[in-house]
file structure-v9.cif (mmCIF, C-alpha atoms)
data_data
#
loop_
_atom_site.label_atom_id
_atom_site.label_comp_id
_atom_site.auth_asym_id
_atom_site.auth_seq_id
_atom_site.Cartn_x
_atom_site.Cartn_y
_atom_site.Cartn_z
CA MET A 1 8.30 8.52 -0.65
CA SER A 2 4.55 8.37 -0.08
CA SER A 3 2.20 10.24 -2.41
CA ILE A 4 -0.53 10.15 0.23
CA THR A 5 -0.99 13.08 2.59
CA ALA A 6 -0.06 12.05 6.13
CA ARG A 7 -2.97 12.17 8.56
CA THR A 8 -3.68 11.02 12.08
CA ILE A 9 -6.45 8.43 12.40
CA SER A 10 -6.96 7.56 16.04
CA VAL A 11 -9.07 4.63 17.22
CA ARG A 12 -11.01 5.96 20.19
CA ARG A 13 -13.12 3.87 22.54
CA PRO A 14 -15.96 5.94 23.96
CA ASP A 15 -18.02 4.74 26.89
CA ILE A 16 -21.61 5.86 26.31
CA ASP A 17 -24.73 4.69 28.11
CA TYR A 18 -27.85 5.19 26.00
CA VAL A 19 -30.29 4.09 28.68
CA GLU A 20 -29.22 6.01 31.81
CA PRO A 21 -30.42 8.67 32.12
CA GLU A 22 -33.55 7.56 30.29
CA LEU A 23 -33.35 8.18 26.55
CA PRO A 24 -36.31 10.30 25.37
CA LYS A 25 -38.17 8.83 22.41
CA TYR A 26 -37.97 12.04 20.40
CA PHE A 27 -34.31 12.70 20.96
CA VAL A 28 -33.82 15.20 18.11
CA ALA A 29 -35.29 18.63 18.95
CA GLY A 30 -38.25 16.82 20.52
CA ASP A 31 -39.49 16.38 16.95
CA PRO A 32 -40.91 12.98 15.86
CA ILE A 33 -39.91 13.27 12.18
CA ARG A 34 -36.37 14.48 12.86
CA SER A 35 -35.99 11.72 15.45
CA HIS A 36 -37.16 9.01 13.04
CA ILE A 37 -34.67 10.25 10.42
CA ALA A 38 -31.77 10.12 12.91
CA ALA A 39 -32.89 6.71 14.19
CA MET A 40 -33.03 5.22 10.70
CA LEU A 41 -29.67 6.73 9.81
CA SER A 42 -28.23 5.02 12.86
CA ALA A 43 -30.03 1.78 11.92
CA VAL A 44 -28.14 1.50 8.61
CA PHE A 45 -24.73 2.21 10.14
CA PRO A 46 -23.70 -1.14 11.70
CA GLU A 47 -24.06 -3.27 8.56
CA GLY A 48 -22.88 -0.36 6.43
CA GLU A 49 -19.71 0.04 8.48
CA ASP A 50 -19.03 -3.71 8.25
CA PHE A 51 -19.41 -3.50 4.47
CA PHE A 52 -16.98 -0.57 4.32
CA VAL A 53 -14.39 -2.57 6.25
CA ARG A 54 -14.78 -5.63 3.99
CA SER A 55 -14.54 -3.63 0.76
CA VAL A 56 -11.35 -1.83 1.82
CA ARG A 57 -9.80 -4.92 3.43
CA ALA A 58 -10.24 -6.81 0.15
CA TYR A 59 -7.52 -4.59 -1.36
CA ARG A 60 -5.30 -4.30 1.68
CA GLU A 61 -2.57 -6.55 0.26
CA GLN A 62 -2.51 -4.65 -3.04
CA ILE A 63 -1.76 -1.31 -1.43
CA THR A 64 1.89 -0.39 -1.88
CA ASP A 65 1.98 3.07 -0.35
CA PRO A 66 3.19 2.76 3.28
CA GLU A 67 1.23 5.83 4.48
CA LEU A 68 -1.98 4.53 2.95
CA LYS A 69 -1.40 1.10 4.50
CA LYS A 70 -1.17 2.75 7.92
CA GLN A 71 -4.31 4.78 7.29
CA VAL A 72 -6.25 1.68 6.21
CA SER A 73 -5.51 0.11 9.59
CA GLY A 74 -6.86 3.19 11.34
CA PHE A 75 -9.91 3.24 9.07
CA ILE A 76 -10.74 -0.40 9.84
CA GLY A 77 -10.33 0.16 13.58
CA GLN A 78 -12.54 3.24 13.62
CA GLU A 79 -15.29 1.74 11.48
CA ALA A 80 -15.45 -1.42 13.57
CA LEU A 81 -16.06 0.66 16.70
CA HIS A 82 -18.64 2.83 14.94
CA GLY A 83 -20.63 -0.29 14.16
CA ARG A 84 -20.39 -1.47 17.77
CA GLU A 85 -21.54 1.82 19.28
CA HIS A 86 -24.45 2.22 16.87
CA ARG A 87 -25.59 -1.34 17.55
CA ASP A 88 -25.81 -0.47 21.24
CA PHE A 89 -27.69 2.75 20.43
CA ASN A 90 -29.99 0.91 18.04
CA ASP A 91 -30.86 -1.59 20.75
CA ALA A 92 -31.95 1.31 22.95
CA LEU A 93 -33.98 2.76 20.06
CA ALA A 94 -35.66 -0.61 19.51
CA GLU A 95 -36.83 -0.54 23.12
CA LEU A 96 -38.49 2.81 22.34
CA GLY A 97 -40.36 1.29 19.38
CA TYR A 98 -38.10 2.20 16.45
CA PRO A 99 -37.77 -0.65 13.89
CA THR A 100 -33.96 -0.58 13.97
CA ARG A 101 -33.58 -4.36 14.03
CA LEU A 102 -35.84 -4.81 11.00
CA VAL A 103 -33.91 -2.18 9.07
CA ASP A 104 -30.62 -3.75 10.14
CA ARG A 105 -31.71 -7.13 8.76
CA ARG A 106 -32.89 -5.59 5.49
CA VAL A 107 -29.62 -3.69 5.02
CA LYS A 108 -27.64 -6.84 5.82
CA LEU A 109 -29.56 -8.75 3.14
CA GLY A 110 -29.14 -6.00 0.55
CA LEU A 111 -25.40 -5.72 1.13
CA ALA A 112 -25.03 -9.51 1.02
CA VAL A 113 -26.60 -9.46 -2.45
CA LEU A 114 -24.28 -6.62 -3.50
CA ASN A 115 -21.33 -8.60 -2.19
CA LYS A 116 -22.30 -11.56 -4.38
CA VAL A 117 -23.14 -9.79 -7.64
CA ALA A 118 -20.91 -6.71 -7.75
CA PRO A 119 -17.20 -6.73 -8.63
CA LYS A 120 -14.86 -5.90 -5.77
CA ARG A 121 -13.89 -2.59 -7.35
CA THR A 122 -17.56 -1.61 -7.53
CA GLN A 123 -18.00 -2.45 -3.84
CA LEU A 124 -14.98 -0.27 -3.09
CA ALA A 125 -16.45 2.53 -5.22
CA VAL A 126 -19.72 2.22 -3.24
CA THR A 127 -17.74 2.59 -0.03
CA ALA A 128 -15.87 5.65 -1.33
CA ALA A 129 -19.18 7.23 -2.38
CA LEU A 130 -20.91 6.56 0.94
CA GLU A 131 -17.84 7.78 2.82
CA HIS A 132 -18.31 11.08 0.97
CA TYR A 133 -21.88 11.13 2.25
CA THR A 134 -20.84 10.46 5.84
CA ALA A 135 -17.98 12.97 5.69
CA THR A 136 -20.30 15.64 4.32
CA LEU A 137 -22.90 15.05 7.04
CA ALA A 138 -20.13 14.83 9.64
CA GLU A 139 -18.78 18.23 8.65
CA ALA A 140 -22.31 19.67 8.93
CA ILE A 141 -22.53 18.36 12.51
CA LEU A 142 -19.09 19.62 13.52
CA THR A 143 -19.49 23.09 12.02
CA ASP A 144 -23.11 23.82 12.96
CA GLU A 145 -23.79 24.22 16.67
CA ASP A 146 -27.54 24.14 16.00
CA ALA A 147 -27.12 20.69 14.43
CA ARG A 148 -25.53 19.39 17.63
CA THR A 149 -27.92 21.07 20.05
CA GLU A 150 -30.85 19.43 18.27
CA PHE A 151 -29.84 16.25 20.12
CA VAL A 152 -31.66 16.67 23.42
CA SER A 153 -29.70 13.78 24.99
CA ASP A 154 -26.07 14.41 25.93
CA GLU A 155 -25.28 10.75 25.25
CA VAL A 156 -26.69 10.81 21.73
CA ARG A 157 -24.99 14.15 21.02
CA ASP A 158 -21.68 12.61 22.13
CA LEU A 159 -22.27 9.58 19.90
CA PHE A 160 -22.92 11.56 16.74
CA THR A 161 -20.16 14.10 17.47
CA TRP A 162 -17.55 11.39 18.13
CA HIS A 163 -18.66 9.58 14.98
CA ALA A 164 -18.48 12.82 12.98
CA LEU A 165 -14.95 13.50 14.24
CA GLU A 166 -13.68 10.11 13.12
CA GLU A 167 -15.50 10.21 9.78
CA THR A 168 -13.76 13.50 9.11
CA GLU A 169 -10.39 12.03 10.09
CA HIS A 170 -10.61 9.13 7.66
CA LYS A 171 -12.71 10.77 4.93
CA SER A 172 -10.04 10.21 2.25
CA VAL A 173 -8.99 6.64 2.98
CA ALA A 174 -11.51 4.64 0.93
CA PHE A 175 -11.19 7.19 -1.89
CA ASP A 176 -7.38 6.89 -1.91
CA VAL A 177 -7.58 3.08 -1.95
CA PHE A 178 -9.99 3.26 -4.88
CA GLU A 179 -7.69 5.64 -6.75
CA GLU A 180 -4.70 3.36 -6.18
CA VAL A 181 -6.36 0.11 -7.30
CA CYS A 182 -8.77 1.44 -9.97
CA GLY A 183 -8.87 5.20 -10.41
CA LYS A 184 -11.39 5.28 -13.25
CA ARG A 185 -13.51 8.43 -12.98
CA TRP A 186 -16.48 6.91 -14.81
CA VAL A 187 -16.61 4.09 -12.25
CA ARG A 188 -16.40 6.56 -9.36
CA VAL A 189 -19.04 8.96 -10.71
CA GLY A 190 -21.36 6.29 -12.07
CA THR A 191 -21.29 4.47 -8.76
CA MET A 192 -22.06 7.68 -6.89
CA TRP A 193 -25.20 8.23 -8.97
CA ALA A 194 -26.33 4.69 -8.20
CA VAL A 195 -25.59 5.34 -4.52
CA HIS A 196 -27.65 8.54 -4.60
CA PHE A 197 -30.66 6.57 -5.76
CA ALA A 198 -30.18 3.49 -3.56
CA PHE A 199 -29.23 5.30 -0.34
CA LEU A 200 -31.94 7.94 -0.53
CA ALA A 201 -34.55 5.33 -1.46
CA GLU A 202 -33.49 3.12 1.46
CA MET A 203 -33.58 6.04 3.88
CA ALA A 204 -37.00 7.21 2.65
CA LEU A 205 -38.45 3.69 2.92
CA SER A 206 -36.98 3.16 6.38
CA VAL A 207 -38.24 6.50 7.71
CA LEU A 208 -41.74 5.92 6.32
CA LEU A 209 -41.77 2.44 7.87
CA SER A 210 -40.61 3.85 11.20
CA VAL A 211 -43.18 6.67 11.15
CA ALA A 212 -45.96 4.24 10.25
CA LYS A 213 -45.24 2.28 13.45
CA ASP A 214 -45.44 5.39 15.63
CA PRO A 215 -49.00 6.55 16.52
CA VAL A 216 -47.77 10.07 17.27
CA ALA A 217 -45.53 10.58 14.24
CA ARG A 218 -48.09 9.21 11.79
CA ARG A 219 -50.77 11.71 12.77
CA PRO A 220 -51.36 13.82 9.64
CA THR A 221 -50.80 17.13 11.42
CA THR A 222 -47.60 15.93 13.10
CA PHE A 223 -46.26 14.36 9.93
CA VAL A 224 -46.98 17.37 7.69
CA ARG A 225 -45.57 19.83 10.23
CA GLY A 226 -42.44 17.69 10.66
CA VAL A 227 -41.86 17.41 6.91
CA ARG A 228 -42.32 21.16 6.45
CA ASN A 229 -39.81 21.83 9.20
CA LEU A 230 -37.18 19.79 7.36
CA LYS A 231 -36.32 22.88 5.33
CA SER A 232 -34.28 23.95 8.36
CA HIS A 233 -32.68 20.51 8.83
CA PRO A 234 -28.85 20.81 8.81
CA PHE A 235 -28.55 17.82 6.46
CA PHE A 236 -30.80 19.34 3.79
CA THR A 237 -29.04 22.66 3.20
CA ARG A 238 -27.78 23.90 -0.15
CA THR A 239 -24.21 23.63 1.13
CA VAL A 240 -24.63 19.91 1.84
CA VAL A 241 -26.16 19.27 -1.57
CA GLN A 242 -23.37 21.17 -3.32
CA ARG A 243 -20.73 19.30 -1.34
CA LEU A 244 -22.26 15.96 -2.33
CA ARG A 245 -22.34 16.98 -6.01
CA ASP A 246 -18.69 18.04 -5.87
CA TYR A 247 -17.77 14.34 -5.85
CA ASP A 248 -18.51 14.20 -9.60
CA ARG A 249 -15.95 16.88 -10.44
CA LYS A 250 -12.91 15.92 -12.50
CA GLY A 251 -9.88 15.88 -10.25
CA PHE A 252 -11.96 15.79 -7.07
CA HIS A 253 -10.32 14.68 -3.83
CA PRO A 254 -11.91 14.71 -0.34
CA ASP A 255 -9.02 16.80 0.96
CA ASP A 256 -10.06 19.64 -1.37
CA HIS A 257 -12.25 20.69 1.57
CA ASP A 258 -9.70 21.49 4.25
CA THR A 259 -10.82 20.35 7.70
CA THR A 260 -7.46 20.66 9.48
CA GLU A 261 -8.59 23.33 11.95
CA LEU A 262 -11.96 21.65 12.44
CA LEU A 263 -10.23 18.40 13.38
CA ALA A 264 -7.89 20.16 15.80
CA THR A 265 -10.89 21.68 17.59
CA TRP A 266 -12.79 18.42 17.92
CA ARG A 267 -9.78 16.30 18.83
CA ASP A 268 -9.28 18.69 21.74
CA TRP A 269 -12.99 18.33 22.61
CA TYR A 270 -12.68 14.55 22.71
CA GLU A 271 -9.63 14.68 24.96
CA ARG A 272 -11.57 16.86 27.41
CA ALA A 273 -14.93 15.07 27.02
CA PRO A 274 -16.24 12.64 29.64
CA ILE A 275 -16.84 10.03 26.91
CA ALA A 276 -13.08 9.57 26.35
CA GLY A 277 -12.11 5.99 27.01
#

call {"tool": "encode", "arguments": {"input": "structure-v9.cif", "output": "structure tokens"}}
result
Amino acid sequence: MSSITARTISVRRPDIDYVEPELPKYFVAGDPIRSHIAAMLSAVFPEGEDFFVRSVRAYREQITDPELKKQVSGFIGQEALHGREHRDFNDALAELGYPTRLVDRRVKLGLAVLNKVAPKRTQLAVTAALEHYTATLAEAILTDEDARTEFVSDEVRDLFTWHALEETEHKSVAFDVFEEVCGKRWVRVGTMWAVHFAFLAEMALSVLLSVAKDPVARRPTTFVRGVRNLKSHPFFTRTVVQRLRDYDRKGFHPDDHDTTELLATWRDWYERAPIAG
């Protein structure tokens, strides 16, 4: 009998066009700073998703639980499509002047180094930690209508909502694989603290680089106003910070935060949405 909670992880294939109608440059609330943050978050996804797949796949043959084996297959399928969709979106952003390709290359190099120097269990722990990040941000998008309506493009809103739905579906998979093949709390928590530093530093550097290339965003008045307005950003709330810190708790599991009803709502949305493929 499986010790893993049964869950449905569906591989969906959305059909989104990020060019037609024309994608506005400041696609998040018409705000340059918010738009650069979202663009740089998207820029790190493709290589990040590929890394997640590799780190989980490395332990695929060691997994004995049949339910977890099934969920790993769904996880790999979803993450592969996330990378594909964000690559297409990032190409459209590059045409608008965002340095998504430069950031993509830098992330690819950094993860290649990590792949060479870090033990496989550490790479898996990195994936579990970053999956907690993405699941936390995904829940913020799915529960906060204001977070979704900030996307002024229907196509981009669909992209981030679809991605958030699937991140919520598979939020426990990498964690459960880590627990089965390692399970050491000090590795999990220590890796998360390293991830806090590395991920936030990478995001800050990427956003500053992106802003520096944009004549509008780098104007002192625009930049200062945009930074001040971040206090209302859905990703920077106290709830999000507390949810991220919960990962360090003894006995923590991603399913401690029940998203059953939330998933039911957004699965129904996807079935009715025009992006369904």

call {"tool": "resolve_selection", "arguments": {"input": "structure-v9.cif", "expression": "the PyMOL selection byres ((chain A and resi 33) around 8)", "output": "ChimeraX atom specification"}}
result
/A:31-32,34-37,211,217,223,226-227

call {"tool": "atom_distance", "arguments": {"input": "structure-v9.cif", "atom1": "CA of Glu150 (chain A)", "atom2": "CA of Arg225 (chain A)"}}
result
16.8 Å

call {"tool": "resolve_selection", "arguments": {"input": "structure-v9.cif", "expression": "the PyMOL selection byres ((chain A and resi 51-65) around 10)", "output": "MDAnalysis selection string"}}
result
chainID A and resid 1:4 45:50 66:70 72:73 75:80 108 111:112 114:115 120:128 130:131 173:178 180:181

call {"tool": "atom_distance", "arguments": {"input": "structure-v9.cif", "atom1": "CA of Asn90 (chain A)", "atom2": "CA of Ile275 (chain A)"}}
result
18.3 Å

call {"tool": "closest_residue", "arguments": {"input": "structure-v9.cif", "among": "A:Val207, A:Leu165, A:Val152, A:Leu230", "to": "Tyr270 (chain A)", "atoms": "only C-alpha atoms"}}
result
A:Leu165

call {"tool": "closest_residue", "arguments": {"input": "structure-v9.cif", "among": "A:Asp91, A:Thr143, A:Trp186, A:His233", "to": "Ala29 (chain A)", "atoms": "all atoms listed in the file"}}
result
A:His233

call {"tool": "closest_residue", "arguments": {"input": "structure-v9.cif", "among": "A:Leu208, A:Arg157, A:Ala140, A:Arg218", "to": "Phe236 (chain A)", "atoms": "only C-alpha atoms"}}
result
A:Ala140

call {"tool": "atom_distance", "arguments": {"input": "structure-v9.cif", "atom1": "CA of Gln71 (chain A)", "atom2": "CA of Ala135 (chain A)"}}
result
16.0 Å

call {"tool": "residues_around", "arguments": {"input": "structure-v9.cif", "residues": "Ser206 (chain A)", "least_positions_apart": "2", "cutoff": "10 Å", "atoms": "all atoms listed in the file", "output": "compact mmCIF listing (two decimals) with C-alpha atoms, keeping the file's coordinate frame"}}
result
# COMPACT_ATOMS: atom_id res chain seq x y z
CA HIS A 36 -37.16 9.01 13.04
CA ILE A 37 -34.67 10.25 10.42
CA ALA A 39 -32.89 6.71 14.19
CA MET A 40 -33.03 5.22 10.70
CA LEU A 41 -29.67 6.73 9.81
CA ALA A 43 -30.03 1.78 11.92
CA VAL A 44 -28.14 1.50 8.61
CA PRO A 99 -37.77 -0.65 13.89
CA THR A 100 -33.96 -0.58 13.97
CA LEU A 102 -35.84 -4.81 11.00
CA VAL A 103 -33.91 -2.18 9.07
CA ARG A 106 -32.89 -5.59 5.49
CA LEU A 200 -31.94 7.94 -0.53
CA ALA A 201 -34.55 5.33 -1.46
CA GLU A 202 -33.49 3.12 1.46
CA MET A 203 -33.58 6.04 3.88
CA ALA A 204 -37.00 7.21 2.65
CA LEU A 208 -41.74 5.92 6.32
CA LEU A 209 -41.77 2.44 7.87
CA SER A 210 -40.61 3.85 11.20
CA VAL A 211 -43.18 6.67 11.15
CA ALA A 212 -45.96 4.24 10.25

call {"tool": "closest_residue", "arguments": {"input": "structure-v9.cif", "among": "A:Ala118, A:Thr222, A:Gly97, A:Gly190", "to": "Gly30 (chain A)", "atoms": "all atoms listed in the file"}}
result
A:Thr222
